[in-house]
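So this one's run12.csv, CSV, C-alpha atoms:
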```csv
chain,number,residue,atom,x,y,z
A,1,MET,CA,18.4,9.0,-91.4
A,2,GLY,CA,21.7,10.7,-92.4
A,3,ILE,CA,23.1,14.0,-91.0
A,4,ASN,CA,22.4,17.0,-93.1
A,5,ILE,CA,25.6,19.1,-93.0
A,6,LYS,CA,23.7,22.1,-94.4
A,7,ASP,CA,21.2,22.0,-91.6
A,8,ASN,CA,24.1,21.9,-89.1
A,9,LYS,CA,25.5,25.0,-90.6
A,10,HIS,CA,22.2,26.7,-90.3
A,11,LEU,CA,22.0,25.8,-86.6
A,12,LYS,CA,25.4,27.3,-86.1
A,13,ASP,CA,24.4,30.4,-87.9
A,14,ASP,CA,21.2,30.6,-85.8
A,15,LYS,CA,23.2,30.3,-82.6
A,16,GLU,CA,25.6,33.0,-83.7
A,17,LEU,CA,22.6,35.2,-84.7
A,18,SER,CA,21.1,34.7,-81.3
A,19,TYR,CA,24.3,35.7,-79.6
A,20,GLU,CA,24.5,38.8,-81.8
A,21,ILE,CA,20.9,39.7,-80.8
A,22,LEU,CA,21.6,39.2,-77.1
A,23,LYS,CA,24.8,41.3,-77.5
A,24,SER,CA,22.9,44.0,-79.3
A,25,LEU,CA,20.4,44.1,-76.4
A,26,ASN,CA,23.3,44.3,-73.9
A,27,ILE,CA,22.4,40.8,-72.6
A,28,GLY,CA,25.7,39.2,-72.9
A,29,ASP,CA,27.5,36.5,-71.0
A,30,ASN,CA,28.2,38.8,-68.0
A,31,ASP,CA,24.5,39.7,-67.7
A,32,VAL,CA,23.4,36.1,-67.8
A,33,ASN,CA,26.0,35.3,-65.1
A,34,ASN,CA,24.8,38.3,-63.0
A,35,GLU,CA,21.2,37.0,-63.2
A,36,GLU,CA,22.5,33.6,-62.1
A,37,VAL,CA,24.4,35.2,-59.1
A,38,LYS,CA,21.4,37.2,-58.1
A,39,SER,CA,19.2,34.1,-58.2
A,40,SER,CA,21.7,32.3,-56.0
A,41,GLU,CA,21.8,35.2,-53.6
A,42,VAL,CA,18.0,35.3,-53.3
A,43,LYS,CA,18.1,31.5,-52.6
A,44,VAL,CA,20.7,32.0,-49.9
A,45,LYS,CA,18.7,34.9,-48.3
A,46,ASN,CA,15.6,32.8,-48.3
A,47,LYS,CA,17.4,30.0,-46.7
A,48,LYS,CA,18.8,32.4,-44.0
A,49,ARG,CA,15.3,33.8,-43.4
A,50,LEU,CA,13.9,30.3,-43.1
A,51,PHE,CA,16.7,29.3,-40.7
A,52,LEU,CA,16.2,32.5,-38.5
A,53,ARG,CA,12.4,31.9,-38.5
A,54,LYS,CA,13.0,28.3,-37.3
A,55,GLU,CA,15.4,29.5,-34.7
A,56,LEU,CA,12.9,32.1,-33.5
A,57,ILE,CA,10.2,29.5,-33.3
A,58,TYR,CA,12.5,27.2,-31.3
A,59,LEU,CA,13.4,30.0,-29.0
A,60,LEU,CA,9.8,31.0,-28.4
A,61,LEU,CA,8.9,27.3,-27.8
A,62,ILE,CA,11.7,27.0,-25.2
A,63,ILE,CA,10.5,30.2,-23.5
A,64,PHE,CA,7.0,28.9,-23.5
A,65,LEU,CA,8.0,25.6,-22.1
A,66,VAL,CA,10.2,27.2,-19.4
A,67,PHE,CA,7.4,29.6,-18.4
A,68,GLY,CA,4.9,26.8,-18.4
A,69,ALA,CA,7.1,24.7,-16.2
A,70,TYR,CA,7.7,27.6,-13.8
A,71,SER,CA,4.0,28.4,-13.7
A,72,GLY,CA,3.1,24.8,-13.2
A,73,ILE,CA,5.6,24.4,-10.3
A,74,ASN,CA,4.3,27.6,-8.6
A,75,LEU,CA,0.7,26.4,-9.0
A,76,ILE,CA,1.6,23.0,-7.4
A,77,LYS,CA,3.4,24.9,-4.6
A,78,TRP,CA,0.5,27.2,-4.1
A,79,SER,CA,-2.0,24.3,-4.0
A,80,MET,CA,0.1,22.5,-1.4
A,81,ASP,CA,0.4,25.6,0.7
A,82,ALA,CA,-3.4,26.1,0.5
A,83,LYS,CA,-4.0,22.5,1.6
A,84,ASN,CA,-1.6,22.9,4.5
A,85,THR,CA,-3.3,26.2,5.5
A,86,GLU,CA,-6.7,24.6,5.3
A,87,LYS,CA,-5.5,21.7,7.4
A,88,GLN,CA,-4.2,24.0,10.1
A,89,ILE,CA,-7.4,26.0,10.2
A,90,ASN,CA,-9.4,22.8,10.7
A,91,GLU,CA,-7.1,21.6,13.4
A,92,ILE,CA,-7.3,24.9,15.2
A,93,ASN,CA,-11.0,25.2,15.0
A,94,THR,CA,-11.4,21.6,16.2
A,95,SER,CA,-9.1,22.1,19.2
A,96,THR,CA,-10.0,25.7,20.2
A,97,GLU,CA,-13.3,26.8,21.6
A,98,VAL,CA,-14.4,30.3,20.7
A,99,LYS,CA,-17.2,31.1,23.2
A,100,GLU,CA,-19.7,33.9,23.0
A,101,VAL,CA,-20.0,35.5,26.5
A,102,ASN,CA,-22.7,37.7,28.0
A,103,ASP,CA,-21.9,41.0,29.5
A,104,THR,CA,-20.9,41.1,33.2
A,105,ASN,CA,-20.2,43.8,35.8
A,106,ASP,CA,-16.7,44.0,34.3
A,107,THR,CA,-18.0,44.9,30.8
A,108,VAL,CA,-17.2,48.5,29.8
A,109,ILE,CA,-18.9,50.6,27.1
A,110,VAL,CA,-16.0,52.6,25.7
A,111,ASN,CA,-16.3,56.3,24.8
A,112,PRO,CA,-20.1,56.2,23.9
A,113,PRO,CA,-21.7,58.9,21.8
A,114,LYS,CA,-22.8,62.0,23.7
A,115,GLU,CA,-26.4,61.7,22.3
A,116,GLU,CA,-28.4,58.5,22.4
A,117,ASN,CA,-29.9,58.4,18.9
A,118,LYS,CA,-32.0,55.2,18.7
A,119,GLU,CA,-31.5,55.1,15.0
A,120,ASN,CA,-27.8,54.8,15.4
A,121,PRO,CA,-26.9,51.1,15.0
A,122,TYR,CA,-24.2,51.6,17.7
A,123,TRP,CA,-26.8,51.0,20.4
A,124,ASP,CA,-27.6,47.6,18.8
A,125,TYR,CA,-23.9,46.7,18.5
A,126,ILE,CA,-23.1,47.2,22.1
A,127,LYS,CA,-25.7,44.6,23.0
A,128,MET,CA,-23.8,42.0,21.0
A,129,ASN,CA,-21.9,39.3,22.9
A,130,LEU,CA,-18.2,39.4,23.1
A,131,ILE,CA,-16.0,36.3,22.2
A,132,ASN,CA,-13.7,34.7,24.7
A,133,VAL,CA,-10.8,32.3,23.8
A,134,ASN,CA,-8.5,30.4,26.1
A,135,PHE,CA,-5.0,30.7,24.6
A,136,LYS,CA,-3.2,28.1,26.6
A,137,ASP,CA,-3.3,25.3,24.0
A,138,LEU,CA,-2.7,27.8,21.1
A,139,LYS,CA,0.4,29.1,22.7
A,140,LYS,CA,1.7,25.6,23.1
A,141,ILE,CA,1.6,25.3,19.3
A,142,ASN,CA,2.8,28.8,18.6
A,143,ASN,CA,4.1,31.0,21.5
A,144,ASP,CA,3.7,34.1,19.2
A,145,THR,CA,-0.1,33.8,19.5
A,146,VAL,CA,-1.5,37.1,21.0
A,147,GLY,CA,-5.2,37.1,20.0
A,148,TRP,CA,-8.2,35.9,18.0
A,149,ILE,CA,-10.2,37.8,15.4
A,150,GLN,CA,-13.7,37.5,14.0
A,151,VAL,CA,-15.0,39.7,11.2
A,152,ASN,CA,-18.7,39.4,10.4
A,153,GLY,CA,-19.6,38.7,6.8
A,154,THR,CA,-16.2,37.2,6.0
A,155,ASN,CA,-14.3,34.0,6.6
A,156,ILE,CA,-11.9,35.7,9.0
A,157,ASN,CA,-12.0,33.7,12.3
A,158,TYR,CA,-8.4,33.0,13.3
A,159,PRO,CA,-5.8,33.3,16.0
A,160,PHE,CA,-3.3,36.1,15.2
A,161,VAL,CA,0.3,36.3,16.1
A,162,GLN,CA,3.0,38.9,16.7
A,163,THR,CA,6.8,38.8,16.4
A,164,ASN,CA,9.6,41.4,16.2
A,165,ASP,CA,9.1,42.4,12.5
A,166,ASN,CA,6.4,42.6,9.9
A,167,THR,CA,8.0,40.1,7.4
A,168,TYR,CA,8.3,36.8,9.2
A,169,TYR,CA,4.7,35.7,9.0
A,170,LEU,CA,4.4,36.7,5.4
A,171,LYS,CA,5.9,33.3,4.5
A,172,LYS,CA,5.4,31.3,7.7
A,173,ASP,CA,2.2,29.5,8.8
A,174,PHE,CA,0.9,29.1,12.3
A,175,ASN,CA,3.3,26.2,12.9
A,176,LYS,CA,6.2,28.5,11.9
A,177,LYS,CA,6.9,26.4,8.8
A,178,TYR,CA,7.4,28.0,5.3
A,179,ASN,CA,4.1,28.6,3.6
A,180,SER,CA,3.4,31.3,1.0
A,181,ALA,CA,-0.1,31.8,2.5
A,182,GLY,CA,1.6,33.2,5.7
A,183,TRP,CA,-0.6,33.9,8.7
A,184,VAL,CA,-2.6,36.8,10.3
A,185,PHE,CA,-0.2,38.9,12.3
A,186,MET,CA,-0.2,42.1,14.4
A,187,ASP,CA,2.1,45.0,13.6
A,188,TYR,CA,5.3,44.5,15.7
A,189,ARG,CA,5.1,48.1,16.9
A,190,ASN,CA,1.7,47.5,18.7
A,191,ASN,CA,1.2,46.6,22.3
A,192,ILE,CA,-1.3,43.8,22.8
A,193,SER,CA,-1.6,44.3,26.5
A,194,ASN,CA,-2.6,48.0,26.1
A,195,PHE,CA,-4.1,48.8,22.7
A,196,ASP,CA,-2.4,51.7,20.9
A,197,LYS,CA,-4.3,54.5,19.2
A,198,ASN,CA,-4.1,52.4,16.0
A,199,THR,CA,-3.8,48.6,16.3
A,200,ILE,CA,-3.0,47.0,12.9
A,201,LEU,CA,-3.4,43.4,11.7
A,202,TYR,CA,-2.1,42.1,8.3
A,203,ALA,CA,-2.6,39.0,6.2
A,204,HIS,CA,-2.4,37.9,2.6
A,205,GLY,CA,-5.5,38.2,0.5
A,206,ARG,CA,-5.6,34.6,-0.7
A,207,VAL,CA,-7.8,33.9,-3.7
A,208,ASP,CA,-9.2,30.8,-1.9
A,209,GLY,CA,-10.7,33.0,0.8
A,210,THR,CA,-8.3,32.0,3.6
A,211,MET,CA,-6.4,34.5,5.8
A,212,PHE,CA,-7.7,37.9,4.7
A,213,GLY,CA,-8.8,36.7,1.3
A,214,SER,CA,-12.4,37.3,2.1
A,215,LEU,CA,-11.7,40.9,3.4
A,216,LYS,CA,-12.4,42.1,-0.2
A,217,ASN,CA,-16.1,41.3,0.6
A,218,ILE,CA,-16.3,44.5,2.6
A,219,ILE,CA,-16.2,46.7,-0.5
A,220,LYS,CA,-19.3,45.0,-1.9
A,221,SER,CA,-22.7,46.6,-1.4
A,222,ASN,CA,-24.3,43.4,-0.1
A,223,TRP,CA,-21.8,43.3,2.8
A,224,TYR,CA,-22.4,47.0,3.6
A,225,ASN,CA,-26.2,46.7,3.4
A,226,ASP,CA,-26.2,44.1,6.2
A,227,LYS,CA,-25.5,46.2,9.2
A,228,SER,CA,-24.8,43.2,11.4
A,229,ASN,CA,-21.5,42.9,9.4
A,230,HIS,CA,-20.2,46.3,10.7
A,231,VAL,CA,-18.5,44.8,13.8
A,232,VAL,CA,-15.2,43.1,14.5
A,233,LYS,CA,-14.6,41.0,17.6
A,234,LEU,CA,-11.2,40.4,19.3
A,235,SER,CA,-10.2,38.2,22.2
A,236,THR,CA,-6.7,38.5,23.7
A,237,GLU,CA,-5.1,37.2,27.0
A,238,TYR,CA,-5.9,40.6,28.5
A,239,GLU,CA,-9.4,41.5,27.3
A,240,ASN,CA,-12.3,40.7,25.0
A,241,THR,CA,-13.3,43.6,22.8
A,242,LEU,CA,-15.9,44.7,20.2
A,243,TRP,CA,-15.1,47.2,17.4
A,244,GLN,CA,-17.5,49.2,15.2
A,245,VAL,CA,-16.5,49.7,11.5
A,246,PHE,CA,-16.3,53.3,10.4
A,247,SER,CA,-14.3,53.1,7.1
A,248,ILE,CA,-13.7,50.6,4.3
A,249,TYR,CA,-11.9,51.2,1.1
A,250,ARG,CA,-9.6,50.0,-1.7
A,251,ILE,CA,-6.5,52.1,-2.3
A,252,PRO,CA,-3.2,52.0,-4.2
A,253,GLN,CA,-0.3,50.9,-1.9
A,254,THR,CA,0.5,53.5,0.7
A,255,SER,CA,1.6,53.6,4.4
A,256,ASP,CA,-0.2,56.7,5.5
A,257,TYR,CA,-2.9,54.8,7.3
A,258,LEU,CA,-0.4,52.7,9.3
A,259,ASN,CA,0.7,55.3,11.8
A,260,ILE,CA,0.8,54.1,15.4
A,261,ASN,CA,1.8,57.1,17.5
A,262,PHE,CA,0.8,60.7,17.2
A,263,SER,CA,2.5,63.7,18.6
A,264,SER,CA,-0.7,65.5,19.4
A,265,ASP,CA,-4.5,65.0,19.7
A,266,GLU,CA,-4.9,67.4,16.8
A,267,LYS,CA,-2.8,65.2,14.5
A,268,TYR,CA,-4.7,62.1,15.6
A,269,GLU,CA,-8.0,63.7,14.9
A,270,LYS,CA,-6.8,64.8,11.5
A,271,PHE,CA,-5.7,61.2,10.9
A,272,LEU,CA,-9.1,59.8,11.9
A,273,SER,CA,-10.8,62.4,9.6
A,274,LEU,CA,-8.6,61.2,6.7
A,275,LEU,CA,-9.5,57.6,7.2
A,276,LYS,CA,-13.2,58.3,7.5
A,277,SER,CA,-13.2,60.5,4.3
A,278,ARG,CA,-11.7,57.6,2.3
A,279,SER,CA,-14.5,55.2,3.0
A,280,GLU,CA,-16.4,53.9,0.0
A,281,TYR,CA,-19.6,53.8,2.1
A,282,GLN,CA,-20.8,56.1,4.8
A,283,PHE,CA,-21.0,54.9,8.4
A,284,GLU,CA,-22.8,56.8,11.1
A,285,VAL,CA,-19.8,56.8,13.5
A,286,ASP,CA,-18.5,59.7,15.5
A,287,LEU,CA,-14.8,59.8,16.2
A,288,ASN,CA,-12.7,61.8,18.6
A,289,LYS,CA,-9.3,61.9,20.2
A,290,ASP,CA,-10.2,59.4,22.9
A,291,ASP,CA,-11.1,56.6,20.5
A,292,LYS,CA,-8.8,53.7,19.8
A,293,ILE,CA,-9.1,52.1,16.4
A,294,LEU,CA,-8.4,48.8,14.7
A,295,THR,CA,-7.0,48.6,11.2
A,296,LEU,CA,-7.1,45.5,9.0
A,297,SER,CA,-5.0,45.6,5.8
A,298,THR,CA,-4.5,43.1,2.9
A,299,CYS,CA,-3.4,43.1,-0.7
A,300,TYR,CA,-5.9,43.4,-3.5
A,301,LYS,CA,-4.3,42.0,-6.7
A,302,GLU,CA,-0.7,43.4,-7.0
A,303,SER,CA,-0.4,47.0,-6.0
A,304,ASP,CA,-3.8,47.9,-4.3
A,305,ARG,CA,-4.8,47.4,-0.7
A,306,VAL,CA,-8.2,46.7,0.9
A,307,VAL,CA,-8.5,48.4,4.3
A,308,LEU,CA,-11.0,48.3,7.2
A,309,HIS,CA,-11.0,50.6,10.2
A,310,ALA,CA,-13.1,50.1,13.3
A,311,LYS,CA,-13.3,51.9,16.7
A,312,LEU,CA,-13.3,50.2,20.1
A,313,ILE,CA,-16.9,50.4,21.6
A,314,LYS,CA,-17.0,47.7,24.2
A,315,MET,CA,-14.5,45.6,26.2
A,316,GLU,CA,-14.2,43.3,29.2
A,317,VAL,CA,-11.0,42.9,31.2
A,318,LYS,CA,-9.5,39.4,31.7
A,319,ASN,CA,-7.1,38.1,34.2
A,320,GLY,CA,-7.1,41.2,36.4
A,321,ASN,CA,-5.8,43.6,33.7
A,322,ASN,CA,-6.7,47.1,34.6
A,323,TRP,CA,-5.4,49.3,31.8
A,324,TYR,CA,-8.8,50.8,31.1
A,325,ILE,CA,-10.5,52.5,34.0
A,326,LYS,CA,-14.3,52.3,33.9
A,327,LYS,CA,-15.9,55.7,33.9
```

What does this structure look like when you write it as structure tokens?
Amino acid sequence: MGINIKDNKHLKDDKELSYEILKSLNIGDNDVNNEEVKSSEVKVKNKKRLFLRKELIYLLLIIFLVFGAYSGINLIKWSMDAKNTEKQINEINTSTEVKEVNDTNDTVIVNPPKEENKENPYWDYIKMNLINVNFKDLKKINNDTVGWIQVNGTNINYPFVQTNDNTYYLKKDFNKKYNSAGWVFMDYRNNISNFDKNTILYAHGRVDGTMFGSLKNIIKSNWYNDKSNHVVKLSTEYENTLWQVFSIYRIPQTSDYLNINFSSDEKYEKFLSLLKSRSEYQFEVDLNKDDKILTLSTCYKESDRVVLHAKLIKMEVKNGNNWYIKK
């Protein structure tokens, strides 16, 4: 097939016509080039977006992995601390005998109600046995040991310690080794040989129920409805004591219930009234300036506290201690 010169001429004319049409529509070479530039810019922007999206994904992935690793390490540490705590509890319970003891001539009913109302559970509580613990072997393990506590309706059945601050046993176990579970300890300001107006014990609220982890049971109705739960028993080197619960509550973190000393009887009675008014349940307990109280405090989640208050109702002196004169 030969080349038709005439046809080529027509093709050239058509091309020139097309250019003239584009020119008449203001779509010349510059506009065509602009469209190409815009198209290139869009592609660059899309590439940048894709790059940034990938970088963000990688960053989030790294954060997730770091957080996951951190959480995993903490979970392993928590689990190890829990096992060590459980091991210590078992060893202590195996080697220490906590005896229930009958009342003797040295048993004292402390500041009884003025009227004997038989419906008041107080009269049943004072018939309960005290507990007695020999601290000789416990003090060989930890010379900070000052007492033993039992709280009915909970897992709380441990020796407690005291040192010269309220931070040491937040991260130390009964063997004085690092442990995030800590141990049950008495406020450093208190005098174990002669109970203050307000004697305070602290411990972590562990989710596995150890230390004061089961103290949260007290704000449940089934704990309250069982009146045999409304007592706390202590044994120290100086005396064995029984305490009647009069207030239980959950509250945002505050220190106003942690007062030890009071400048007047009036201020102390006002303090007792405040504690009693906070209770989530009502207890038929009379309080006055001559009462001595016990406070248990632990964390509930992050910022709240679960608190129990009980008053001393019965005691028995040990080892010739005579701080309390029988009336």

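Candidate residues A:Asn261, A:Leu296, A:Pro121, A:Val285 were compared for distance to Ile156 in chain A, and the nearest is A:Leu296, using only C-alpha atoms.
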
For Thr145 in chain A, please output as a JSON list (two decimals) with C-alpha atoms, in the frame of the given file all residues within 12 Å (counting all atoms listed in the file; exclusion window: fewer than 6 positions along the same chain).
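Just written: part.json:
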```json
[["chain", "number", "residue", "atom", "x", "y", "z"],
["A", 133, "VAL", "CA", -10.80, 32.30, 23.80],
["A", 134, "ASN", "CA", -8.50, 30.40, 26.10],
["A", 135, "PHE", "CA", -5.00, 30.70, 24.60],
["A", 136, "LYS", "CA", -3.20, 28.10, 26.60],
["A", 137, "ASP", "CA", -3.30, 25.30, 24.00],
["A", 138, "LEU", "CA", -2.70, 27.80, 21.10],
["A", 139, "LYS", "CA", 0.40, 29.10, 22.70],
["A", 158, "TYR", "CA", -8.40, 33.00, 13.30],
["A", 159, "PRO", "CA", -5.80, 33.30, 16.00],
["A", 160, "PHE", "CA", -3.30, 36.10, 15.20],
["A", 161, "VAL", "CA", 0.30, 36.30, 16.10],
["A", 162, "GLN", "CA", 3.00, 38.90, 16.70],
["A", 163, "THR", "CA", 6.80, 38.80, 16.40],
["A", 169, "TYR", "CA", 4.70, 35.70, 9.00],
["A", 173, "ASP", "CA", 2.20, 29.50, 8.80],
["A", 174, "PHE", "CA", 0.90, 29.10, 12.30],
["A", 175, "ASN", "CA", 3.30, 26.20, 12.90],
["A", 176, "LYS", "CA", 6.20, 28.50, 11.90],
["A", 183, "TRP", "CA", -0.60, 33.90, 8.70],
["A", 184, "VAL", "CA", -2.60, 36.80, 10.30],
["A", 185, "PHE", "CA", -0.20, 38.90, 12.30],
["A", 186, "MET", "CA", -0.20, 42.10, 14.40],
["A", 192, "ILE", "CA", -1.30, 43.80, 22.80],
["A", 235, "SER", "CA", -10.20, 38.20, 22.20],
["A", 236, "THR", "CA", -6.70, 38.50, 23.70],
["A", 237, "GLU", "CA", -5.10, 37.20, 27.00]]
```

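Distances here use all atoms listed in the file; by that measure, the residue among A:Leu56, A:Val306, A:Leu294, A:Val146 closest to Leu201 in chain A is A:Leu294.
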
Open item on the list: One decimal, in Å: what's the spacing between CA of Arg278 in chain A and CA of Pro252 in chain A?
Closed with: 12.1 Å

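Of the residues listed (A:Asn143, A:Gln150, A:Asn217, A:Thr94), A:Gln150 shows the shortest atom-to-atom separation from Leu130 in chain A; distances use only C-alpha atoms.
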
Open item on the list: Between A:Tyr238, A:Tyr249, A:Trp243, A:Tyr300, which residue has the minimum interatomic distance to Gly205 in chain A, considering only C-alpha atoms?
Closed with: A:Tyr300

With only C-alpha atoms counted, which protein, DNA or RNA residues have an atom no more than 10 Å from (-19.6, 33.2, 25.1) in the file frame? Please answer as an mmCIF file with C-alpha atoms, in the coordinates of the input.
```cif
data_model
loop_
_atom_site.group_PDB
_atom_site.id
_atom_site.type_symbol
_atom_site.label_atom_id
_atom_site.label_comp_id
_atom_site.auth_asym_id
_atom_site.auth_seq_id
_atom_site.Cartn_x
_atom_site.Cartn_y
_atom_site.Cartn_z
ATOM 1 C CA GLU A 97 -13.300 26.800 21.600
ATOM 2 C CA VAL A 98 -14.400 30.300 20.700
ATOM 3 C CA LYS A 99 -17.200 31.100 23.200
ATOM 4 C CA GLU A 100 -19.700 33.900 23.000
ATOM 5 C CA VAL A 101 -20.000 35.500 26.500
ATOM 6 C CA ASN A 102 -22.700 37.700 28.000
ATOM 7 C CA ASP A 103 -21.900 41.000 29.500
ATOM 8 C CA ASN A 129 -21.900 39.300 22.900
ATOM 9 C CA LEU A 130 -18.200 39.400 23.100
ATOM 10 C CA ILE A 131 -16.000 36.300 22.200
ATOM 11 C CA ASN A 132 -13.700 34.700 24.700
ATOM 12 C CA VAL A 133 -10.800 32.300 23.800
#
```

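Polymer residues near (-14.7, 50.3, 27.1): counting only C-alpha atoms with a cut-off of 8 Å, they are Thr107, Val108, Ile109, Val110, Asn111, Leu312, Ile313, Lys314, Met315, Glu316, Tyr324 and Lys326 of chain A.
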